[in-house]
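**Q** For reference, this is query_1.cif, and it has mmCIF, C-alpha atoms and all ligand atoms.
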```
data_entry
loop_
_atom_site.label_atom_id
_atom_site.label_comp_id
_atom_site.auth_asym_id
_atom_site.auth_seq_id
_atom_site.Cartn_x
_atom_site.Cartn_y
_atom_site.Cartn_z
CA MET A 1 20.05 -8.95 24.84
CA GLU A 2 22.11 -9.15 28.00
CA HIS A 3 25.24 -6.99 27.74
CA GLU A 4 27.47 -10.06 27.54
CA ASP A 5 25.45 -11.21 24.51
CA VAL A 6 25.79 -7.76 22.94
CA ILE A 7 29.55 -7.94 23.47
CA ALA A 8 29.70 -11.43 21.96
CA LEU A 9 27.67 -10.40 18.90
CA THR A 10 29.71 -7.21 18.43
CA GLN A 11 32.92 -9.24 18.62
CA ARG A 12 31.61 -11.71 16.03
CA LEU A 13 30.86 -8.77 13.72
CA ILE A 14 34.34 -7.29 14.28
CA ASP A 15 35.92 -10.68 13.54
CA ARG A 16 33.96 -10.96 10.29
CA VAL A 17 35.07 -7.47 9.24
CA ASN A 18 38.71 -8.14 10.14
CA THR A 19 38.80 -11.40 8.18
CA ASN A 20 36.57 -10.07 5.39
CA THR A 21 34.26 -13.08 5.76
CA SER A 22 30.64 -13.77 6.66
CA ASP A 23 28.57 -16.57 8.14
CA GLU A 24 27.72 -18.77 5.17
CA ALA A 25 25.68 -21.83 4.23
CA GLY A 26 27.38 -25.14 3.49
CA GLU A 27 26.29 -25.29 -0.13
CA THR A 28 24.38 -23.44 -2.78
CA MET A 29 20.66 -24.10 -3.19
CA THR A 30 18.22 -23.84 -6.05
CA VAL A 31 14.54 -23.02 -5.86
CA PRO A 32 12.17 -23.62 -8.78
CA ASN A 33 10.84 -20.37 -10.18
CA SER A 34 7.37 -21.85 -9.84
CA VAL A 35 7.42 -21.10 -6.09
CA PHE A 36 6.95 -17.45 -7.03
CA LEU A 37 4.23 -18.17 -9.58
CA ASP A 38 2.17 -21.23 -8.69
CA ASP A 39 -1.40 -20.48 -7.71
CA ALA A 40 -2.06 -23.70 -5.75
CA LEU A 41 1.13 -23.22 -3.70
CA TRP A 42 0.20 -19.61 -3.09
CA GLN A 43 -3.19 -20.69 -1.74
CA ARG A 44 -1.51 -23.19 0.62
CA GLU A 45 0.90 -20.49 1.81
CA ARG A 46 -1.97 -18.13 2.58
CA GLU A 47 -3.62 -20.78 4.71
CA ALA A 48 -0.63 -22.41 6.40
CA LEU A 49 1.67 -19.43 6.89
CA PHE A 50 -0.77 -16.59 7.44
CA PHE A 51 -4.27 -17.63 8.50
CA SER A 52 -3.08 -20.62 10.59
CA THR A 53 0.05 -18.96 12.03
CA PRO A 54 0.28 -16.09 14.56
CA GLN A 55 1.19 -12.80 12.86
CA THR A 56 3.43 -10.11 14.32
CA ILE A 57 1.71 -6.84 13.42
CA GLY A 58 3.22 -4.08 15.56
CA PHE A 59 5.18 -2.86 18.55
CA ALA A 60 3.66 -2.99 22.03
CA GLY A 61 4.78 0.61 22.52
CA GLU A 62 2.12 1.63 20.00
CA VAL A 63 -0.56 0.68 22.56
CA ALA A 64 1.38 1.18 25.77
CA LYS A 65 -1.03 3.38 27.71
CA PRO A 66 -4.43 2.32 29.09
CA GLY A 67 -6.99 3.89 26.77
CA SER A 68 -4.81 3.65 23.64
CA PHE A 69 -5.51 1.91 20.35
CA MET A 70 -3.91 1.27 16.96
CA THR A 71 -5.34 -0.04 13.70
CA THR A 72 -3.90 -2.03 10.84
CA GLU A 73 -4.79 -4.75 8.36
CA SER A 74 -3.45 -8.23 7.90
CA MET A 75 -4.40 -10.43 4.96
CA GLY A 76 -7.21 -8.00 4.21
CA ILE A 77 -8.65 -8.30 7.72
CA PRO A 78 -9.10 -4.90 9.40
CA ILE A 79 -7.76 -5.05 12.97
CA VAL A 80 -7.99 -2.72 15.94
CA VAL A 81 -5.75 -3.35 18.95
CA THR A 82 -6.69 -1.66 22.22
CA ARG A 83 -5.41 -1.43 25.76
CA ASP A 84 -8.42 -0.99 27.97
CA GLU A 85 -8.63 1.17 31.09
CA ALA A 86 -7.52 -1.78 33.22
CA GLY A 87 -4.40 -2.20 31.06
CA VAL A 88 -5.61 -5.39 29.35
CA LEU A 89 -4.58 -5.81 25.71
CA HIS A 90 -7.29 -6.74 23.17
CA ALA A 91 -7.45 -7.24 19.42
CA PHE A 92 -10.67 -7.15 17.43
CA ILE A 93 -11.78 -7.38 13.87
CA ASN A 94 -12.26 -3.70 13.07
CA ALA A 95 -15.82 -4.22 11.84
CA CYS A 96 -18.95 -2.76 13.39
CA ALA A 97 -21.61 -5.28 14.48
CA HIS A 98 -24.26 -3.19 12.73
CA ARG A 99 -23.17 -3.38 9.10
CA GLY A 100 -19.42 -3.87 9.14
CA SER A 101 -17.92 -0.41 8.85
CA ARG A 102 -14.74 0.42 10.79
CA VAL A 103 -14.93 1.49 14.39
CA ALA A 104 -11.48 3.12 14.49
CA ASP A 105 -8.84 4.54 12.15
CA GLY A 106 -5.20 5.41 12.76
CA CYS A 107 -4.05 5.33 16.37
CA GLY A 108 -4.42 7.38 19.54
CA GLU A 109 -6.17 7.44 22.90
CA ARG A 110 -9.91 7.48 23.64
CA ARG A 111 -12.56 5.97 25.89
CA ARG A 112 -14.78 4.61 23.12
CA LEU A 113 -14.38 3.35 19.58
CA ASN A 114 -17.00 4.98 17.38
CA CYS A 115 -18.33 3.79 14.06
CA ARG A 116 -18.59 6.75 11.72
CA PHE A 117 -21.40 5.23 9.65
CA HIS A 118 -24.34 5.32 12.09
CA GLY A 119 -22.59 6.04 15.36
CA TRP A 120 -22.55 2.75 17.27
CA SER A 121 -19.89 2.96 19.99
CA TYR A 122 -17.81 0.30 21.71
CA ALA A 123 -15.84 0.16 24.94
CA LEU A 124 -12.13 -0.68 24.61
CA ASP A 125 -12.90 -4.23 25.77
CA GLY A 126 -15.11 -4.65 22.70
CA ARG A 127 -18.54 -4.35 24.34
CA LEU A 128 -21.22 -2.45 22.51
CA ALA A 129 -21.57 0.67 24.67
CA GLY A 130 -24.28 2.60 22.91
CA ARG A 131 -26.13 3.23 19.64
CA PRO A 132 -28.37 5.99 18.34
CA ARG A 133 -32.08 5.00 18.14
CA ASP A 134 -31.52 2.00 20.40
CA ASP A 135 -35.31 1.55 20.46
CA ALA A 136 -35.30 0.65 16.74
CA PHE A 137 -33.39 -2.59 17.39
CA GLU A 138 -33.84 -5.78 19.37
CA PRO A 139 -32.18 -5.56 22.82
CA ALA A 140 -28.38 -5.57 22.68
CA ASN A 141 -26.58 -8.80 23.55
CA ASP A 142 -23.05 -10.21 23.44
CA ASN A 143 -23.37 -10.99 19.74
CA LEU A 144 -23.14 -7.28 19.11
CA ASN A 145 -19.72 -6.94 20.73
CA LEU A 146 -16.65 -6.65 18.49
CA ILE A 147 -15.22 -10.01 17.43
CA GLU A 148 -12.13 -10.66 19.52
CA LEU A 149 -8.91 -12.12 18.11
CA PRO A 150 -6.23 -13.82 20.22
CA VAL A 151 -3.43 -11.34 20.96
CA SER A 152 -0.19 -11.10 22.93
CA ASP A 153 2.48 -8.46 23.54
CA CYS A 154 5.33 -10.76 24.50
CA SER A 155 8.84 -9.39 23.81
CA GLY A 156 7.35 -5.95 23.16
CA LEU A 157 5.73 -7.04 19.90
CA ILE A 158 2.03 -7.37 19.13
CA VAL A 159 1.16 -10.82 17.88
CA VAL A 160 -2.35 -11.78 16.77
CA GLY A 161 -4.18 -14.75 15.35
CA LEU A 162 -6.23 -13.81 12.30
CA ARG A 163 -8.97 -16.25 13.22
CA PRO A 164 -10.89 -15.98 16.51
CA THR A 165 -10.55 -19.75 16.86
CA MET A 166 -6.74 -19.71 17.04
CA SER A 167 -5.52 -20.77 20.47
CA GLN A 168 -4.54 -17.89 22.76
CA SER A 169 -1.70 -20.05 24.05
CA VAL A 170 -0.25 -20.52 20.55
CA VAL A 171 -0.27 -16.75 20.03
CA HIS A 172 1.17 -16.08 23.49
CA HIS A 173 4.10 -18.45 22.96
CA ALA A 174 4.79 -17.61 19.30
CA LEU A 175 7.96 -15.64 20.10
CA ASP A 176 9.29 -17.75 22.97
CA ASP A 177 12.33 -19.05 21.06
CA ILE A 178 13.53 -15.59 20.04
CA ALA A 179 12.52 -13.75 23.23
CA PRO A 180 16.10 -13.62 24.61
CA ALA A 181 17.24 -11.76 21.48
CA PHE A 182 14.68 -9.01 22.15
CA ALA A 183 15.35 -8.69 25.89
CA GLY A 184 16.45 -5.19 26.86
CA TYR A 185 15.19 -3.42 23.72
CA ALA A 186 12.12 -2.08 25.57
CA LEU A 187 9.93 -2.35 22.49
CA ASP A 188 6.96 -1.91 24.81
CA LYS A 189 8.11 1.69 25.40
CA VAL A 190 8.82 2.83 21.84
CA ARG A 191 6.81 5.66 20.24
CA PRO A 192 5.30 5.30 16.76
CA VAL A 193 6.83 7.41 13.98
CA GLU A 194 4.97 6.44 10.81
CA THR A 195 3.63 3.49 8.79
CA ARG A 196 3.65 3.23 5.01
CA ARG A 197 1.94 0.65 2.85
CA TYR A 198 3.39 -0.55 -0.44
CA ASP A 199 1.53 -2.57 -3.04
CA VAL A 200 4.23 -4.51 -4.86
CA ARG A 201 4.16 -6.43 -8.15
CA ALA A 202 6.20 -9.33 -6.80
CA ASN A 203 5.52 -12.52 -4.89
CA TRP A 204 5.60 -12.03 -1.12
CA LYS A 205 8.60 -14.38 -0.74
CA MET A 206 10.53 -12.35 -3.31
CA VAL A 207 9.98 -9.29 -1.11
CA VAL A 208 10.87 -11.04 2.17
CA ASN A 209 14.07 -12.26 0.51
CA LEU A 210 15.18 -8.63 0.16
CA SER A 211 15.71 -8.40 3.90
CA HIS A 212 17.94 -11.46 4.20
CA GLU A 213 21.20 -10.92 2.37
CA SER A 214 23.85 -8.24 2.03
CA TYR A 215 25.26 -9.67 -1.21
CA HIS A 216 23.43 -6.85 -3.02
CA PHE A 217 24.73 -3.97 -0.89
CA ALA A 218 27.78 -3.12 -3.02
CA THR A 219 25.77 -3.06 -6.23
CA LEU A 220 22.09 -2.22 -5.69
CA HIS A 221 22.88 0.06 -2.70
CA ARG A 222 26.30 1.25 -3.86
CA ASP A 223 25.56 4.94 -3.29
CA SER A 224 22.91 4.70 -0.55
CA LEU A 225 23.46 2.06 2.13
CA SER A 226 26.90 0.80 1.25
CA PRO A 227 28.76 3.96 2.35
CA LEU A 228 27.35 3.41 5.87
CA MET A 229 27.21 -0.36 6.31
CA THR A 230 29.50 -3.22 5.44
CA ALA A 231 28.14 -6.42 3.91
CA HIS A 232 29.75 -8.75 6.49
CA ALA A 233 26.97 -10.92 7.88
CA VAL A 234 26.48 -12.72 11.18
CA THR A 235 23.46 -15.02 11.31
CA ASP A 236 21.64 -16.91 14.06
CA GLU A 237 18.64 -19.21 14.24
CA PHE A 238 16.13 -19.15 17.11
CA GLY A 239 13.78 -22.07 16.47
CA ASP A 240 11.48 -20.91 13.67
CA HIS A 241 12.96 -17.39 13.71
CA THR A 242 16.27 -15.85 12.64
CA ARG A 243 18.56 -12.87 13.16
CA TRP A 244 20.86 -11.46 10.51
CA ALA A 245 23.22 -8.68 11.64
CA PHE A 246 25.46 -6.48 9.50
CA PRO A 247 27.74 -3.76 10.88
CA LEU A 248 27.90 0.00 10.58
CA ARG A 249 31.29 1.01 9.21
CA GLU A 250 32.01 2.77 12.55
CA ILE A 251 32.44 -0.70 14.09
CA ALA A 252 36.11 -0.35 13.08
CA ASP A 253 36.51 2.11 16.00
CA PHE A 254 35.18 -0.31 18.59
CA GLU A 255 38.41 -2.25 18.94
CA ASN A 256 39.90 0.87 20.57
CA ILE A 257 37.13 1.09 23.16
CA ASP A 258 37.09 -1.04 26.31
CA ARG A 259 34.39 -3.70 25.99
CA SER A 260 32.74 -2.64 29.23
CA GLN A 261 32.04 0.70 27.52
CA TRP A 262 30.41 -0.80 24.45
CA PRO A 263 26.79 0.42 24.16
CA SER A 264 23.70 -1.67 24.92
CA ARG A 265 23.10 -2.34 21.22
CA PRO A 266 25.75 -3.44 18.71
CA PRO A 267 26.91 -0.87 16.10
CA ALA A 268 24.91 -2.76 13.51
CA THR A 269 21.54 -3.30 11.93
CA MET A 270 19.91 -6.50 13.15
CA ASN A 271 17.11 -7.95 11.07
CA HIS A 272 15.09 -10.32 13.27
CA THR A 273 12.70 -12.37 11.18
CA ILE A 274 9.62 -13.68 12.93
CA TYR A 275 8.00 -16.72 11.33
CA PRO A 276 6.64 -16.64 8.67
CA GLY A 277 8.50 -13.51 7.50
CA THR A 278 7.93 -10.31 9.48
CA VAL A 279 11.24 -8.50 9.84
CA VAL A 280 11.90 -6.49 13.00
CA VAL A 281 14.87 -4.21 12.33
CA ILE A 282 16.78 -3.12 15.43
CA ASN A 283 19.22 -0.23 14.98
CA PRO A 284 21.31 1.47 17.67
CA ASN A 285 18.63 4.15 18.30
CA ASP A 286 15.40 3.10 16.64
CA ALA A 287 13.51 0.17 15.16
CA GLN A 288 11.37 -0.63 12.16
CA MET A 289 9.08 -3.44 11.10
CA LEU A 290 8.63 -4.80 7.59
CA ARG A 291 5.52 -6.91 7.29
CA VAL A 292 5.10 -8.64 3.95
CA GLU A 293 1.93 -10.51 2.98
CA PRO A 294 0.53 -12.17 -0.12
CA GLY A 295 -1.46 -9.71 -2.23
CA ARG A 296 -4.22 -10.39 -4.74
CA ASP A 297 -2.39 -13.14 -6.61
CA PRO A 298 0.97 -14.99 -6.58
CA GLY A 299 2.63 -12.07 -8.39
CA SER A 300 1.67 -9.36 -5.90
CA SER A 301 2.24 -8.55 -2.27
CA VAL A 302 1.40 -5.96 0.36
CA VAL A 303 4.10 -4.47 2.59
CA TYR A 304 3.60 -2.47 5.77
CA TYR A 305 6.69 -0.55 6.86
CA SER A 306 6.47 0.89 10.39
CA GLY A 307 9.02 2.98 12.25
CA VAL A 308 9.29 3.56 15.99
CA CYS A 309 11.55 5.62 18.21
CA ASN A 310 13.31 4.55 21.40
CA ASP A 311 11.83 5.84 24.63
CA LEU A 312 14.35 8.63 25.21
CA HIS A 313 15.64 9.31 21.70
CA PRO A 314 14.61 12.41 19.66
CA ILE A 315 11.72 11.41 17.41
CA GLU A 316 12.98 13.53 14.51
CA GLU A 317 16.15 11.44 14.34
CA ALA A 318 14.08 8.27 14.26
CA ARG A 319 11.96 9.80 11.50
CA ARG A 320 15.05 10.55 9.42
CA ALA A 321 16.25 6.95 9.82
CA TYR A 322 12.78 5.67 8.95
CA GLU A 323 12.58 7.79 5.81
CA PHE A 324 16.14 6.96 4.78
CA GLY A 325 15.47 3.22 5.04
CA GLY A 326 12.01 3.50 3.49
CA ASP A 327 13.24 5.45 0.48
CA ILE A 328 16.02 2.95 -0.20
CA PHE A 329 13.56 0.09 0.19
CA ASN A 330 11.06 1.69 -2.19
CA ASP A 331 13.45 3.08 -4.80
CA GLU A 332 16.00 0.28 -4.92
CA ASP A 333 14.87 -2.97 -3.24
CA LEU A 334 11.24 -3.09 -4.39
CA LEU A 335 12.26 -2.18 -7.91
CA ALA A 336 14.67 -5.13 -7.91
CA ALA A 337 11.99 -7.47 -6.54
CA GLU A 338 9.52 -6.43 -9.24
CA GLN A 339 12.15 -6.97 -11.93
CA CYS A 340 12.97 -10.41 -10.47
CA GLN A 341 9.29 -11.32 -10.50
CA GLN A 342 8.98 -10.34 -14.15
CA GLY A 343 12.12 -12.32 -14.91
CA VAL A 344 11.09 -15.55 -13.18
CA ALA A 345 7.64 -15.30 -14.78
CA ALA A 346 9.31 -15.13 -18.19
CA CYS A 347 11.48 -18.15 -17.25
CA ALA A 348 8.79 -20.11 -15.44
CA GLN A 349 10.47 -23.49 -15.93
CA GLY A 350 13.82 -22.22 -14.62
CA THR A 351 15.34 -21.99 -11.17
CA THR A 352 16.53 -19.30 -8.80
CA ILE A 353 20.01 -19.82 -7.35
CA LEU A 354 20.88 -19.03 -3.74
CA GLY A 355 24.59 -18.85 -3.01
CA ARG A 356 26.45 -19.96 0.11
CA ASN A 357 26.60 -16.24 0.92
CA GLU A 358 22.79 -16.08 1.15
CA PRO A 359 22.22 -18.43 4.11
CA MET A 360 19.18 -16.63 5.50
CA VAL A 361 17.43 -16.67 2.13
CA GLN A 362 18.11 -20.41 2.00
CA PHE A 363 16.80 -20.90 5.55
CA TRP A 364 13.52 -19.16 4.82
CA HIS A 365 12.86 -20.98 1.56
CA ARG A 366 13.35 -24.26 3.44
CA LYS A 367 11.06 -23.11 6.24
CA TRP A 368 8.27 -22.07 3.88
CA ARG A 369 8.62 -25.28 1.91
CA GLN A 370 8.36 -27.41 5.06
CA ALA A 371 5.04 -25.76 5.88
CA THR A 372 3.52 -26.01 2.43
CA GLN A 373 5.25 -28.80 0.52
CA PRO A 374 6.26 -31.35 3.19
CA ALA A 375 6.21 -34.19 0.65
CA LEU A 376 9.08 -32.53 -1.25
CA ASP A 377 11.28 -32.48 1.85
CA LYS A 378 10.96 -36.25 2.25
CA GLN A 379 12.34 -36.91 -1.24
S1 LIG B 401 -22.12 0.20 10.31
FE1 LIG B 401 -21.42 0.90 12.22
S2 LIG B 401 -23.07 2.02 13.01
FE2 LIG B 401 -23.81 1.26 11.13
FE FE B 402 18.41 -4.01 0.15
#
```
For this file, produce the structure as structure tokens.
**A**
Amino acid sequence: MEHEDVIALTQRLIDRVNTNTSDEAGETMTVPNSVFLDDALWQREREALFFSTPQTIGFAGEVAKPGSFMTTESMGIPIVVTRDEAGVLHAFINACAHRGSRVADGCGERRRLNCRFHGWSYALDGRLAGRPRDDAFEPANDNLNLIELPVSDCSGLIVVGLRPTMSQSVVHHALDDIAPAFAGYALDKVRPVETRRYDVRANWKMVVNLSHESYHFATLHRDSLSPLMTAHAVTDEFGDHTRWAFPLREIADFENIDRSQWPSRPPATMNHTIYPGTVVVINPNDAQMLRVEPGRDPGSSVVYYSGVCNDLHPIEEARRAYEFGGDIFNDEDLLAAEQCQQGVAACAQGTTILGRNEPMVQFWHRKWRQATQPALDKQ
């Protein structure tokens, strides 16, 4: 954000604290519990929101240097992202052309990706570079290169299409509407701290919902997060994406500091949600990403939680923040989501209620419904 935008957002947060109010929706909303349970809907969501929509899977800083790579999975598809020697970003299905094994694990820097099964090796632009007993095979051709996926690193985030046929232009422009909100964060220069994977017994939307309201801070996080943060919320929409900010308690001191001296990031946590539900958390000194995807069935999901450190900040501090947030998420939030899932399954004909004080949760349920149940929105 430009500094004038930081000042404006910080002032909005201060105003909400001083008046003990938050940005709210106009009315309450109900959602049928079936949206967390229905198999046909879940199949449509997988197709419309994940396989047909660009996915934000990492920070560009994770593959900043020529010769670097990182690996992950999305919707069960193994992915390797590389930056080749010429500095060009690539994404590939992480599957060897020989018999499908992985050609890279973890992250790092190297000249070649090597399959551990029989030793085929690939250049960072995906070309097959060599294989033991080459004479035992037909001559190599382009069909033996890694399968390339469309990829972009706009706004310092890595965005991919999970199908090779997705338009590169669609992937490249996926973040255009929210790009101004990320300007100045230098996410292309961050250093990776750690990534954890959680397998959760709750619908993916139930888990995304956790990152969109502070109504639960004073109860679920009474002894963990609440002593540090207030629940006053400031929300913004950026096309298909959103930002929900809530302040650190130290924001109370900012009124005594001249605005020109306010730092380049607000004294707040800012959850930026990239369609269809990846949350990029920006804190004053670090950042995290929560990527939630459908799991094996409507009642399960997979979460990838990644932490990164600002360019110049001590990495141990970023690690402490990452672990603090991750432990709260695992011990408190995910437990609540799994209990909610069990509850709505036991009350399958019932509804879930979203208050005026949960505007972001409302926004995202509308968004997901528009993509998967458009007929309902016309009623
Ligand atoms: S599967 Fe990769 S070399 Fe055989
Ligand atoms: Fe929470």
**Q** Counting all atoms listed in the file, what are the residues, protein, DNA or RNA alike, that approach ligand LIG 401 (chain B) to within 12 Å? I want them as a PyMOL selection string.
**A** chain A and resi 94-104+113-122+128-134+144-146
**Q** Do you know which residues are at most 10 Å from A:Ser226 counting all atoms listed in the file, after dropping those on the same chain fewer than 6 positions away, and could you put them as a ChimeraX atom specification?
**A** /A:214,216-220,248-249
**Q** Can I get the residues close to ligand FE 402 (chain B) as a ChimeraX atom specification, where close means within 7 Å and we count only C-alpha atoms and all ligand atoms?
**A** /A:210-211,216-217,221,329,333
**Q** Would you kindly identify which residues have an atom no farther than 8 Å from (17.9, -12.3, 3.5), using all atoms listed in the file and the file's own coordinates, and write them out as an MDAnalysis selection string?
**A** chainID A and resid 208:214 244 358:361
**Q** So that I can see what lies close to stretch 57-70 of chain A, please list as a ChimeraX atom specification the residues with an atom at most 8 Å from it, counting only C-alpha atoms and leaving out residues fewer than 5 positions away in the same chain.
**A** /A:80-88,105-111,124,153,156-160,187-192,289,291,306
**Q** Between A:Gly326, A:Ile77, A:Arg259, A:Pro227, which is the closest to A:Leu290 once you count all atoms listed in the file?
**A** A:Gly326
**Q** Quote the spacing between atom CA of A:Pro78 and atom CA of A:Asp297 in Å to one decimal place.
**A** 19.2 Å
**Q** With distances taken over all atoms listed in the file, which residue among A:Leu13, A:Leu49, A:Met206, A:Ala321 lies nearest A:Thr352?
**A**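 For A:Thr352, the nearest of the candidates is A:Met206.
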